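First the structure, in the form of structure tokens, and then the observations on it.
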Amino acid sequence: VTLCVVLLLPSLSFLVPSADVISTVEFNQTGDLLATGDRGGRVVIFQREPEDKGGREELGDAGEYNVYSTFQSHEPDFDYLKSLEIEEKINKIRWLPQQNAAHFLLSTNGEQNKTIKLWKVSERDRKPEGYNLKDEEGRLKDISTVTSLQVPVLKPADLMVEVRPRRVFANGHTYHVNSISVNSDGETYLSADDLRINMWHLAITDRSFNIVDIKPANMEDLTEVITASEFHPQHCHLFVYSSSKGTLRLCDMRASALCDKHSKIFEEPEDPGNRSFFSEIISSVSDVKFSHSGRYLLTRDYLTTKVWDLNMEKGPIETYQVHDYLRSKLCSLYENDCIFDKFECVWNSTDSVIMTGTYNSFFRMFDREAGRGVTLEAWRESSKPRAVLRTRRVYTGGRRRRGDVGVDSLDFTKKILHMAWHPAENIIAIATTNNLYIFQDRVHPENQ
């Protein structure tokens with residue numbers, strides 16, 4: 001996999017403010033827009049420049065991404081009843097399929113106030129002039145001075161990007177919201193917290209329909225929580241959710257209104273010989289994604305990423321070790337809470353390559369056909385625009401090569417948790433702390 005850097009947002013300080021840490025990354029359906037959310041409640045939208053700008057197509061560039069709009073999605077708040085600060089962190093962003101010239105996206109602050117907001121992003125390059133009752137400054141005229149009527153006209157003006165809140169979906173969740181997923185019907189979406197999954201209609205904000213509820217009558221009997229959920233890309237009645245026990249449940253809304261009884265359950269039998277204190281923690285699924293074809297599921301737990309066939313429930317058809325060299329360091333990772341990090345995973349546009357993150361600003365790509373993986377680094381000190389990325393390797397023993405990084409030298413504060421893959425091309429977005437990297441394949445898809 002040959003990639004080069006096409007955009008870098010550098011860190012301005014070694015001590016990164018918590019509010020600046022990127023917490024989600026998402027391409028829209030065409031890949032022309034890329035949205036990021038951070039812990040400060042801000043959403044930054046990047047737009048792809050025209051492909052032939054500056055003749056860069058000769059270098060294999062498909063157009064750089066530049067800042068298109070920035071807005072504050074969620075504000076910090078304080079719950080005076082519980083004496084708790086309400087964090088403004090953006091947990092997830094999901095784009096809605098484009099229906100007209102405007103774009104719509106959902107953003108959720110799922111930590112404390114657990115609200116989901118629908119935003120409209122539109123452009124305006126004309127302004128009305130020639131009002132009868134208003135002057136050029138927009139002030140109301142004295143009616144007695146209006147002696148004739150005129151027809152207002154639209155005249156060209158500087159381009160403005162407007163972002164407006166259209167709807168606020170609140171009071172649907174009691175616990176931490178970890179997922180939102182837009183249905184293929186274009187009218188509904190689901191939101192999942194630790195114990196429940198709700199389905200919303202995009203036009204109705206004051207109520208939602210509960211489709212999964214795993215909360216026990218006695219919370220002391222709680223054995224697992226929901227960690228992620230997603231709708232099937234083609235079938236609007238199917239969705240999947242993962243749990244902290246490492247299981248996946250496929251649900252069919254045609255079978256029952258309340259989908260507490262799953263249609264299929266996917267789980268891998270545990271080897272009793274490998275059972276340890278950390279087994280349940282590292283088996284928790286942090287992310288689940290349907291393939292573009294809808295035939296497969298991609299999951300990420302702490303040490304591995306797996307591919308599941310919807311027609312095979314007994315176990316994954318592919319398992320890739322992301323950082324197996326950390327297995328001997330689980331105790332120290334537990335003490336510094338890194339073992340609870342929630343890594344995301346993504347498919348490429350053809351479902352032939354998968355990607356996920358790890359530590360030390362490393363991320364991993366796995367070629368499903370070849371069954372091989374490669375480790376690459378997103379690091380601002382060595383990444384220059386249109387520079388080819390080098391593969392990296394973690395030294396665990398044997399012959400040490402130049403450039404290898406020892407396991408004991410890994411920086412666990414530099415973790416890549418959030419990423420996105422362009423829906424049609426080999427362009428990826430990687431978030432690490434407050435840095436956003438966008439990499440693309442040097443070769444055009446039609447030349448591959």
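Note on naming: chains are A, B, ... as they come in the structure tokens, residues start from 1 per chain, ligands start from 1 in the order shown.
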* Pick out each residue of range 69-305 of chain A that DSSP on the backbone tags as strand (DSSP E or B); I need them as number ranges by chain. => A: 69-72, 77-79, 84-86, 92-95, 103-109, 115-129, 134, 140, 153-169, 177-182, 188-193, 196-201, 209-213, 226-231, 238-243, 248-252, 264-266, 287-290, 296-300, 304-305
* Contacts of range 236-244 of chain A within 10 Å, only C-alpha atoms, excl. fewer than 3 positions in-chain, as a ChimeraX atom specification -> /A:179,181-186,188-190,192,194-195,197,212,223-233,247-255,259,262-266,280-290,297,299,301
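Nearest to Lys342 in chain A of all the residues A:Ser73, A:Ser256, A:Thr205, A:Asn178 is A:Asn178, counting only C-alpha atoms.
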* Write out as a list of chain:residue names which residues come within 12 Å of Asn100 in chain A when counting only C-alpha atoms, dropping same-chain ones fewer than 5 positions away. =>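 Residues meeting the cut-off are A:Lys120, A:Val121, A:Ser122, A:Glu123.
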Members of range 136-241 of chain A assigned helix (DSSP H, G or I) by DSSP, as a PDB file with N, CA and C atoms, in the first residue's frame:
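Full text of states-v9.pdb as output:
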```pdb
ATOM      1  N   ILE A 143     -43.368  54.050   6.434  1.00  0.00           N
ATOM      2  CA  ILE A 143     -44.333  53.671   5.397  1.00  0.00           C
ATOM      3  C   ILE A 143     -44.802  54.883   4.597  1.00  0.00           C
ATOM      4  N   SER A 144     -44.847  56.029   5.232  1.00  0.00           N
ATOM      5  CA  SER A 144     -45.332  57.219   4.534  1.00  0.00           C
ATOM      6  C   SER A 144     -44.397  57.647   3.407  1.00  0.00           C
ATOM      7  N   THR A 145     -43.133  57.164   3.452  1.00  0.00           N
ATOM      8  CA  THR A 145     -42.168  57.531   2.406  1.00  0.00           C
ATOM      9  C   THR A 145     -42.216  56.586   1.215  1.00  0.00           C
ATOM     10  N   MET A 219     -30.048  -4.182  38.523  1.00  0.00           N
ATOM     11  CA  MET A 219     -28.795  -3.817  37.879  1.00  0.00           C
ATOM     12  C   MET A 219     -27.617  -4.661  38.364  1.00  0.00           C
ATOM     13  N   GLU A 220     -27.771  -5.314  39.502  1.00  0.00           N
ATOM     14  CA  GLU A 220     -26.706  -6.211  39.969  1.00  0.00           C
ATOM     15  C   GLU A 220     -26.584  -7.444  39.087  1.00  0.00           C
ATOM     16  N   ASP A 221     -27.616  -7.719  38.290  1.00  0.00           N
ATOM     17  CA  ASP A 221     -27.588  -8.868  37.383  1.00  0.00           C
ATOM     18  C   ASP A 221     -27.018  -8.505  36.010  1.00  0.00           C
TER      19      ASP A 221
END
```
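For the pair CA of Ser291 in chain A and CA of Thr433 in chain A, the interatomic distance is 27.3 Å.
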* Can you pull out every residue within 6 Å of range 153-160 of chain A, counting only C-alpha atoms, but drop anything in the same chain fewer than 5 positions away, and send it as a list of chain:residue names? =>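 Listed by chain and then number, they are A:Glu123, A:Arg124, A:Asp125, A:Arg126, A:Lys127, A:Pro128, A:Glu129.
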* To do: One decimal, Å: what's the distance from CA of Arg167 in chain A over to CA of Leu118 in chain A, could you say?
  =>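 So the two atoms, CA of Arg167 in chain A and CA of Leu118 in chain A, lie 5.1 Å apart.
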